[in-house]
file model-v6.pdb (PDB, C-alpha atoms)
ATOM      1  CA  TYR A1022    -110.588  10.317  83.718  1.00  0.00           C
ATOM      2  CA  GLY A1023    -108.572   7.894  85.823  1.00  0.00           C
ATOM      3  CA  HIS A1024    -105.836   7.488  83.191  1.00  0.00           C
ATOM      4  CA  ARG A1025    -102.280   8.780  82.779  1.00  0.00           C
ATOM      5  CA  SER A1026    -102.079  12.066  80.859  1.00  0.00           C
ATOM      6  CA  GLU A1027     -99.101  13.931  79.457  1.00  0.00           C
ATOM      7  CA  VAL A1028     -98.855  17.599  78.498  1.00  0.00           C
ATOM      8  CA  ARG A1029     -95.793  18.166  76.333  1.00  0.00           C
ATOM      9  CA  CYS A1030     -93.689  21.322  76.343  1.00  0.00           C
ATOM     10  CA  GLU A1031     -91.059  21.140  73.634  1.00  0.00           C
ATOM     11  CA  VAL A1032     -88.564  24.012  73.658  1.00  0.00           C
ATOM     12  CA  ARG A1033     -85.130  24.566  72.201  1.00  0.00           C
ATOM     13  CA  GLY A1034     -82.534  27.141  73.085  1.00  0.00           C
ATOM     14  CA  PHE A1035     -78.983  27.765  74.153  1.00  0.00           C
ATOM     15  CA  PRO A1036     -78.331  27.560  76.930  1.00  0.00           C
ATOM     16  CA  ARG A1037     -81.035  24.952  77.465  1.00  0.00           C
ATOM     17  CA  PRO A1038     -84.117  26.760  78.852  1.00  0.00           C
ATOM     18  CA  PHE A1039     -85.289  26.134  82.399  1.00  0.00           C
ATOM     19  CA  LEU A1040     -88.951  25.029  82.427  1.00  0.00           C
ATOM     20  CA  THR A1041     -91.542  25.993  85.017  1.00  0.00           C
ATOM     21  CA  TRP A1042     -95.133  24.740  85.055  1.00  0.00           C
ATOM     22  CA  TYR A1043     -98.118  26.668  86.419  1.00  0.00           C
ATOM     23  CA  ARG A1044    -101.698  25.526  87.049  1.00  0.00           C
ATOM     24  CA  ASN A1045    -104.350  28.246  87.065  1.00  0.00           C
ATOM     25  CA  GLY A1046    -101.611  30.845  87.529  1.00  0.00           C
ATOM     26  CA  LYS A1047     -99.896  29.150  90.480  1.00  0.00           C
ATOM     27  CA  LYS A1048     -96.454  27.573  90.181  1.00  0.00           C
ATOM     28  CA  ILE A1049     -96.511  23.785  90.490  1.00  0.00           C
ATOM     29  CA  ASP A1050     -94.156  22.568  93.206  1.00  0.00           C
ATOM     30  CA  PHE A1051     -93.502  18.993  92.073  1.00  0.00           C
ATOM     31  CA  ALA A1052     -92.013  18.048  95.452  1.00  0.00           C
ATOM     32  CA  ALA A1053     -95.175  19.157  97.247  1.00  0.00           C
ATOM     33  CA  HIS A1054     -97.610  17.961  94.542  1.00  0.00           C
ATOM     34  CA  PRO A1055     -97.432  14.184  94.167  1.00  0.00           C
ATOM     35  CA  ARG A1056    -100.373  14.421  91.719  1.00  0.00           C
ATOM     36  CA  TYR A1057     -98.002  15.874  89.104  1.00  0.00           C
ATOM     37  CA  ASP A1058     -94.606  14.864  87.780  1.00  0.00           C
ATOM     38  CA  GLN A1059     -92.181  16.326  85.247  1.00  0.00           C
ATOM     39  CA  THR A1060     -90.179  14.239  82.769  1.00  0.00           C
ATOM     40  CA  SER A1061     -86.554  14.910  81.821  1.00  0.00           C
ATOM     41  CA  ASP A1062     -87.724  16.593  78.588  1.00  0.00           C
ATOM     42  CA  GLY A1063     -90.021  18.906  80.583  1.00  0.00           C
ATOM     43  CA  SER A1064     -93.395  17.283  79.894  1.00  0.00           C
ATOM     44  CA  LEU A1065     -95.996  17.421  82.638  1.00  0.00           C
ATOM     45  CA  ILE A1066     -97.348  14.044  83.744  1.00  0.00           C
ATOM     46  CA  ILE A1067    -100.645  13.491  85.541  1.00  0.00           C
ATOM     47  CA  PRO A1068    -100.364   9.834  86.599  1.00  0.00           C
ATOM     48  CA  ARG A1069    -104.098   9.366  87.217  1.00  0.00           C
ATOM     49  CA  THR A1070    -106.362  12.183  86.060  1.00  0.00           C
ATOM     50  CA  HIS A1071    -109.212  13.360  88.211  1.00  0.00           C
ATOM     51  CA  TRP A1072    -111.893  15.961  87.438  1.00  0.00           C
ATOM     52  CA  LYS A1073    -110.043  18.372  89.753  1.00  0.00           C
ATOM     53  CA  ASP A1074    -107.108  18.333  87.293  1.00  0.00           C
ATOM     54  CA  SER A1075    -109.120  20.333  84.744  1.00  0.00           C
ATOM     55  CA  GLY A1076    -107.708  23.833  84.407  1.00  0.00           C
ATOM     56  CA  ASN A1077    -105.277  26.147  82.665  1.00  0.00           C
ATOM     57  CA  PHE A1078    -101.676  24.949  82.559  1.00  0.00           C
ATOM     58  CA  THR A1079     -98.772  27.172  81.512  1.00  0.00           C
ATOM     59  CA  CYS A1080     -95.302  26.009  80.521  1.00  0.00           C
ATOM     60  CA  ARG A1081     -92.734  28.812  80.914  1.00  0.00           C
ATOM     61  CA  ALA A1082     -89.285  28.431  79.361  1.00  0.00           C
ATOM     62  CA  LEU A1083     -86.531  30.793  80.487  1.00  0.00           C
ATOM     63  CA  ASN A1084     -82.859  31.271  79.651  1.00  0.00           C
ATOM     64  CA  ARG A1085     -80.558  34.280  79.328  1.00  0.00           C
ATOM     65  CA  GLY A1086     -81.907  34.869  75.817  1.00  0.00           C
ATOM     66  CA  GLY A1087     -85.408  35.504  77.099  1.00  0.00           C
ATOM     67  CA  GLU A1088     -88.576  33.676  77.985  1.00  0.00           C
ATOM     68  CA  VAL A1089     -91.589  32.189  76.276  1.00  0.00           C
ATOM     69  CA  SER A1090     -94.821  30.745  77.662  1.00  0.00           C
ATOM     70  CA  VAL A1091     -97.505  28.516  76.235  1.00  0.00           C
ATOM     71  CA  ASN A1092    -100.940  27.987  77.770  1.00  0.00           C
ATOM     72  CA  VAL A1093    -102.880  24.733  77.568  1.00  0.00           C
ATOM     73  CA  ARG A1094    -106.425  24.171  78.781  1.00  0.00           C
ATOM     74  CA  VAL A1095    -106.836  20.670  80.202  1.00  0.00           C
ATOM     75  CA  VAL A1096    -110.371  19.334  80.408  1.00  0.00           C
ATOM     76  CA  VAL A1097    -110.793  15.968  82.076  1.00  0.00           C
ATOM     77  CA  VAL A1098    -113.738  14.180  80.505  1.00  0.00           C
ATOM     78  CA  LEU A1099    -115.874  12.520  83.122  1.00  0.00           C
ATOM     79  CA  PRO A1100    -117.755   9.248  82.715  1.00  0.00           C
ATOM     80  CA  ASP A1101    -121.312   9.633  81.330  1.00  0.00           C
ATOM     81  CA  SER A1102    -122.759   9.575  84.822  1.00  0.00           C
ATOM     82  CA  HIS A1103    -120.912  12.827  85.534  1.00  0.00           C
ATOM     83  CA  LEU A1104    -121.772  14.881  82.435  1.00  0.00           C
ATOM     84  CA  ILE A1105    -120.925  18.530  82.875  1.00  0.00           C
ATOM     85  CA  ARG A1106    -123.915  20.841  82.950  1.00  0.00           C
ATOM     86  CA  PRO A1107    -124.061  24.636  82.802  1.00  0.00           C
ATOM     87  CA  PRO A1108    -123.557  26.370  86.160  1.00  0.00           C
ATOM     88  CA  VAL A1109    -126.458  26.978  88.500  1.00  0.00           C
ATOM     89  CA  ILE A1110    -126.372  30.012  90.771  1.00  0.00           C
ATOM     90  CA  ILE A1111    -127.493  28.925  94.236  1.00  0.00           C
ATOM     91  CA  LYS A1112    -126.922  32.224  96.082  1.00  0.00           C
ATOM     92  CA  SER A1113    -127.442  35.578  94.414  1.00  0.00           C
ATOM     93  CA  PRO A1114    -126.311  39.002  95.585  1.00  0.00           C
ATOM     94  CA  HIS A1115    -129.165  41.186  96.869  1.00  0.00           C
ATOM     95  CA  ASP A1116    -130.116  44.741  95.988  1.00  0.00           C
ATOM     96  CA  ARG A1117    -128.574  47.023  98.596  1.00  0.00           C
ATOM     97  CA  ARG A1118    -128.486  50.586  99.898  1.00  0.00           C
ATOM     98  CA  VAL A1119    -125.068  51.533 101.300  1.00  0.00           C
ATOM     99  CA  ARG A1120    -123.884  54.622 103.173  1.00  0.00           C
ATOM    100  CA  LEU A1121    -120.870  56.463 101.791  1.00  0.00           C
ATOM    101  CA  GLY A1122    -117.638  55.431 103.519  1.00  0.00           C
ATOM    102  CA  ARG A1123    -118.998  52.047 104.635  1.00  0.00           C
ATOM    103  CA  SER A1124    -117.827  48.707 103.314  1.00  0.00           C
ATOM    104  CA  LEU A1125    -119.849  46.619 100.888  1.00  0.00           C
ATOM    105  CA  VAL A1126    -119.683  42.817 100.681  1.00  0.00           C
ATOM    106  CA  MET A1127    -121.679  40.955  98.035  1.00  0.00           C
ATOM    107  CA  THR A1128    -121.827  37.159  97.813  1.00  0.00           C
ATOM    108  CA  CYS A1129    -122.544  34.877  94.866  1.00  0.00           C
ATOM    109  CA  ALA A1130    -122.375  31.062  94.893  1.00  0.00           C
ATOM    110  CA  ALA A1131    -122.769  28.541  92.083  1.00  0.00           C
ATOM    111  CA  THR A1132    -122.376  24.891  91.212  1.00  0.00           C
ATOM    112  CA  GLY A1133    -120.881  23.905  87.891  1.00  0.00           C
ATOM    113  CA  GLY A1134    -117.911  21.582  88.131  1.00  0.00           C
ATOM    114  CA  PRO A1135    -114.181  21.989  88.574  1.00  0.00           C
ATOM    115  CA  ASP A1136    -113.573  24.279  85.601  1.00  0.00           C
ATOM    116  CA  MET A1137    -116.226  26.806  86.583  1.00  0.00           C
ATOM    117  CA  GLU A1138    -115.175  30.407  87.000  1.00  0.00           C
ATOM    118  CA  ILE A1139    -117.085  33.203  88.693  1.00  0.00           C
ATOM    119  CA  GLU A1140    -116.609  36.779  87.488  1.00  0.00           C
ATOM    120  CA  TRP A1141    -117.937  40.103  88.755  1.00  0.00           C
ATOM    121  CA  HIS A1142    -118.779  43.062  86.501  1.00  0.00           C
ATOM    122  CA  PHE A1143    -120.110  46.515  87.254  1.00  0.00           C
ATOM    123  CA  LYS A1144    -122.077  49.038  85.212  1.00  0.00           C
ATOM    124  CA  SER A1145    -122.830  52.490  86.596  1.00  0.00           C
ATOM    125  CA  HIS A1146    -125.974  54.466  85.808  1.00  0.00           C
ATOM    126  CA  ALA A1147    -123.750  56.668  83.632  1.00  0.00           C
ATOM    127  CA  ASN A1148    -123.027  53.530  81.549  1.00  0.00           C
ATOM    128  CA  ARG A1149    -119.446  53.273  82.905  1.00  0.00           C
ATOM    129  CA  HIS A1150    -118.161  49.691  82.974  1.00  0.00           C
ATOM    130  CA  TRP A1151    -115.729  48.497  85.633  1.00  0.00           C
ATOM    131  CA  GLU A1152    -114.166  45.187  86.495  1.00  0.00           C
ATOM    132  CA  PRO A1153    -113.404  45.027  90.227  1.00  0.00           C
ATOM    133  CA  PRO A1154    -109.701  44.637  91.112  1.00  0.00           C
ATOM    134  CA  ARG A1155    -108.683  41.070  91.985  1.00  0.00           C
ATOM    135  CA  GLN A1156    -107.732  42.040  95.535  1.00  0.00           C
ATOM    136  CA  HIS A1157    -111.415  42.887  96.150  1.00  0.00           C
ATOM    137  CA  ILE A1158    -112.621  39.394  95.157  1.00  0.00           C
ATOM    138  CA  LYS A1159    -112.284  36.157  97.148  1.00  0.00           C
ATOM    139  CA  HIS A1160    -113.214  32.715  95.842  1.00  0.00           C
ATOM    140  CA  PHE A1161    -113.557  29.646  98.029  1.00  0.00           C
ATOM    141  CA  HIS A1162    -115.198  26.250  97.870  1.00  0.00           C
ATOM    142  CA  ASN A1163    -118.104  25.257 100.047  1.00  0.00           C
ATOM    143  CA  PRO A1164    -116.466  23.333 102.924  1.00  0.00           C
ATOM    144  CA  HIS A1165    -119.609  21.406 103.897  1.00  0.00           C
ATOM    145  CA  ARG A1166    -119.383  17.900 102.442  1.00  0.00           C
ATOM    146  CA  HIS A1167    -123.050  17.093 103.065  1.00  0.00           C
ATOM    147  CA  GLN A1168    -124.107  19.925 100.734  1.00  0.00           C
ATOM    148  CA  VAL A1169    -123.799  20.295  96.964  1.00  0.00           C
ATOM    149  CA  PRO A1170    -120.197  21.270  96.083  1.00  0.00           C
ATOM    150  CA  ALA A1171    -120.228  24.974  95.276  1.00  0.00           C
ATOM    151  CA  THR A1172    -117.854  27.817  94.588  1.00  0.00           C
ATOM    152  CA  VAL A1173    -118.525  30.955  96.591  1.00  0.00           C
ATOM    153  CA  SER A1174    -117.302  34.360  95.442  1.00  0.00           C
ATOM    154  CA  GLN A1175    -117.347  37.526  97.534  1.00  0.00           C
ATOM    155  CA  LEU A1176    -116.850  41.029  96.211  1.00  0.00           C
ATOM    156  CA  HIS A1177    -115.591  43.434  98.879  1.00  0.00           C
ATOM    157  CA  ILE A1178    -115.462  47.206  98.453  1.00  0.00           C
ATOM    158  CA  PRO A1179    -113.718  48.541 101.571  1.00  0.00           C
ATOM    159  CA  LYS A1180    -114.929  52.152 101.232  1.00  0.00           C
ATOM    160  CA  PHE A1181    -118.141  52.721  99.291  1.00  0.00           C
ATOM    161  CA  THR A1182    -118.241  55.952  97.254  1.00  0.00           C
ATOM    162  CA  ALA A1183    -120.761  57.488  94.836  1.00  0.00           C
ATOM    163  CA  ARG A1184    -118.890  55.931  91.896  1.00  0.00           C
ATOM    164  CA  HIS A1185    -119.783  52.462  93.226  1.00  0.00           C
ATOM    165  CA  VAL A1186    -123.542  53.041  92.683  1.00  0.00           C
ATOM    166  CA  GLY A1187    -124.878  50.825  89.891  1.00  0.00           C
ATOM    167  CA  VAL A1188    -125.549  47.252  88.783  1.00  0.00           C
ATOM    168  CA  TYR A1189    -123.251  44.401  89.876  1.00  0.00           C
ATOM    169  CA  THR A1190    -123.380  41.217  87.809  1.00  0.00           C
ATOM    170  CA  CYS A1191    -122.103  37.841  88.951  1.00  0.00           C
ATOM    171  CA  THR A1192    -121.459  35.396  86.088  1.00  0.00           C
ATOM    172  CA  ALA A1193    -120.680  31.704  86.619  1.00  0.00           C
ATOM    173  CA  ARG A1194    -119.193  30.076  83.506  1.00  0.00           C
ATOM    174  CA  ASN A1195    -117.927  26.627  82.522  1.00  0.00           C
ATOM    175  CA  MET A1196    -117.432  24.807  79.220  1.00  0.00           C
ATOM    176  CA  ALA A1197    -121.156  23.883  79.081  1.00  0.00           C
ATOM    177  CA  GLY A1198    -122.483  27.425  79.424  1.00  0.00           C
ATOM    178  CA  ALA A1199    -123.048  30.362  81.742  1.00  0.00           C
ATOM    179  CA  SER A1200    -125.507  31.666  84.293  1.00  0.00           C
ATOM    180  CA  LEU A1201    -125.718  35.179  85.666  1.00  0.00           C
ATOM    181  CA  THR A1202    -127.478  37.213  88.294  1.00  0.00           C
ATOM    182  CA  ALA A1203    -127.412  40.907  89.126  1.00  0.00           C
ATOM    183  CA  ALA A1204    -128.051  43.265  92.009  1.00  0.00           C
ATOM    184  CA  ILE A1205    -128.573  47.016  92.136  1.00  0.00           C
ATOM    185  CA  VAL A1206    -126.554  48.968  94.699  1.00  0.00           C
ATOM    186  CA  ARG A1207    -127.769  52.447  95.606  1.00  0.00           C
ATOM    187  CA  ARG A1208    -126.467  55.160  97.895  1.00  0.00           C
ATOM    188  CA  ARG A1209    -128.156  55.295 101.272  1.00  0.00           C
ATOM    189  CA  GLU A1210    -128.888  58.825 102.359  1.00  0.00           C
ATOM    190  CA  GLU A1211    -127.634  59.877 105.796  1.00  0.00           C
TER     191      GLU A1211
END

call {"tool": "encode", "arguments": {"input": "model-v6.pdb", "output": "structure tokens"}}
result
Amino acid sequence: YGHRSEVRCEVRGFPRPFLTWYRNGKKIDFAAHPRYDQTSDGSLIIPRTHWKDSGNFTCRALNRGGEVSVNVRVVVVLPDSHLIRPPVIIKSPHDRRVRLGRSLVMTCAATGGPDMEIEWHFKSHANRHWEPPRQHIKHFHNPHRHQVPATVSQLHIPKFTARHVGVYTCTARNMAGASLTAAIVRRREE
């Protein structure tokens, strides 16, 4: 925390591979991201690490012979006064009754540090498991600075059908542990 860090990506190939870095699945634009730099050998430099730099980094090497990627999880260790604790869910989804054809929005919010992830899972009464498509999930950070920093996740089902009846579980997870909450969604009769 607060020190220079280097993530090396050593590759060989002919012609020399072109390297691209990604953080949490998004391409790093070094011109737009002064927090990160790339050396001539392709290593990623974080001049002064901050807890927000924790995440999954991917180095992708590409040339006409093909491509290869390597993933690295970077965890910035905080001073003792900022020890990472397991997530705490501060807003749980509620049990609901929904009419067929209507939309369903469920919200879950948790605190748990920069490396926390929130996932949604579904289990129908027929014991069918389903992971909602990514386009139905939105994550955002609590914008209110006077409140505890939290990550908010919303699950949106645009058109509720009978197959959406069941138990929805929201799980918040970081390197210290996990916390989960669930809600039952039933069909509302006309």

call {"tool": "residues_around", "arguments": {"input": "model-v6.pdb", "residues": "Pro1038 in chain A", "least_positions_apart": "4", "cutoff": "10 Å", "atoms": "only C-alpha atoms", "output": "PyMOL selection string"}}
result
chain A and resi 1032-1034+1063+1081-1089

call {"tool": "resolve_selection", "arguments": {"input": "model-v6.pdb", "expression": "the PyMOL selection byres ((chain A and resi 1041) around 7)", "output": "JSON, numbers by chain"}}
result
{"A": [1039, 1040, 1042, 1043, 1080, 1081, 1082]}

call {"tool": "residues_around", "arguments": {"input": "model-v6.pdb", "residues": "range 1136-1138 of chain A", "least_positions_apart": "5", "cutoff": "7 Å", "atoms": "only C-alpha atoms", "output": "number ranges by chain"}}
result
A: 1075-1076, 1193-1195

call {"tool": "closest_residue", "arguments": {"input": "model-v6.pdb", "among": "A:Ala1053, A:Cys1030, A:Leu1201, A:Ile1067", "to": "Pro1114 in chain A", "atoms": "only C-alpha atoms"}}
result
A:Leu1201

call {"tool": "atom_distance", "arguments": {"input": "model-v6.pdb", "atom1": "CA of Ile1139 in chain A", "atom2": "CA of Cys1191 in chain A"}}
result
6.8 Å

call {"tool": "atom_distance", "arguments": {"input": "model-v6.pdb", "atom1": "CA of Lys1112 in chain A", "atom2": "CA of Arg1044 in chain A"}}
result
27.6 Å

call {"tool": "resolve_selection", "arguments": {"input": "model-v6.pdb", "expression": "the PyMOL selection byres ((chain A and resi 1186) around 8)", "output": "ChimeraX atom specification"}}
result
/A:1145-1146,1182-1185,1187-1188,1205-1208

call {"tool": "write_last_selection", "arguments": {"input": "model-v6.pdb", "atoms": "C-alpha atoms", "output": "PDB file, in the coordinates of the input"}}
result
ATOM      1  CA  SER A1145    -122.830  52.490  86.596  1.00  0.00           C
ATOM      2  CA  HIS A1146    -125.974  54.466  85.808  1.00  0.00           C
ATOM      3  CA  THR A1182    -118.241  55.952  97.254  1.00  0.00           C
ATOM      4  CA  ALA A1183    -120.761  57.488  94.836  1.00  0.00           C
ATOM      5  CA  ARG A1184    -118.890  55.931  91.896  1.00  0.00           C
ATOM      6  CA  HIS A1185    -119.783  52.462  93.226  1.00  0.00           C
ATOM      7  CA  GLY A1187    -124.878  50.825  89.891  1.00  0.00           C
ATOM      8  CA  VAL A1188    -125.549  47.252  88.783  1.00  0.00           C
ATOM      9  CA  ILE A1205    -128.573  47.016  92.136  1.00  0.00           C
ATOM     10  CA  VAL A1206    -126.554  48.968  94.699  1.00  0.00           C
ATOM     11  CA  ARG A1207    -127.769  52.447  95.606  1.00  0.00           C
ATOM     12  CA  ARG A1208    -126.467  55.160  97.895  1.00  0.00           C
TER      13      ARG A1208
END

call {"tool": "residues_around", "arguments": {"input": "model-v6.pdb", "residues": "Val1098 in chain A", "least_positions_apart": "6", "cutoff": "12 Å", "atoms": "all atoms listed in the file", "output": "list of chain:residue names"}}
result
A:Tyr1022, A:Gly1023, A:His1024, A:Ser1026, A:Thr1070, A:His1071, A:Trp1072, A:Lys1073, A:Asp1074, A:Ser1075, A:Leu1104, A:Ile1105, A:Gly1134, A:Pro1135, A:Asp1136, A:Met1196

call {"tool": "residues_around", "arguments": {"input": "model-v6.pdb", "residues": "Thr1190 in chain A", "least_positions_apart": "2", "cutoff": "12 Å", "atoms": "all atoms listed in the file", "output": "ChimeraX atom specification"}}
result
/A:1110,1113-1116,1127-1129,1139-1145,1150-1153,1174,1176,1187-1188,1192-1193,1200-1206
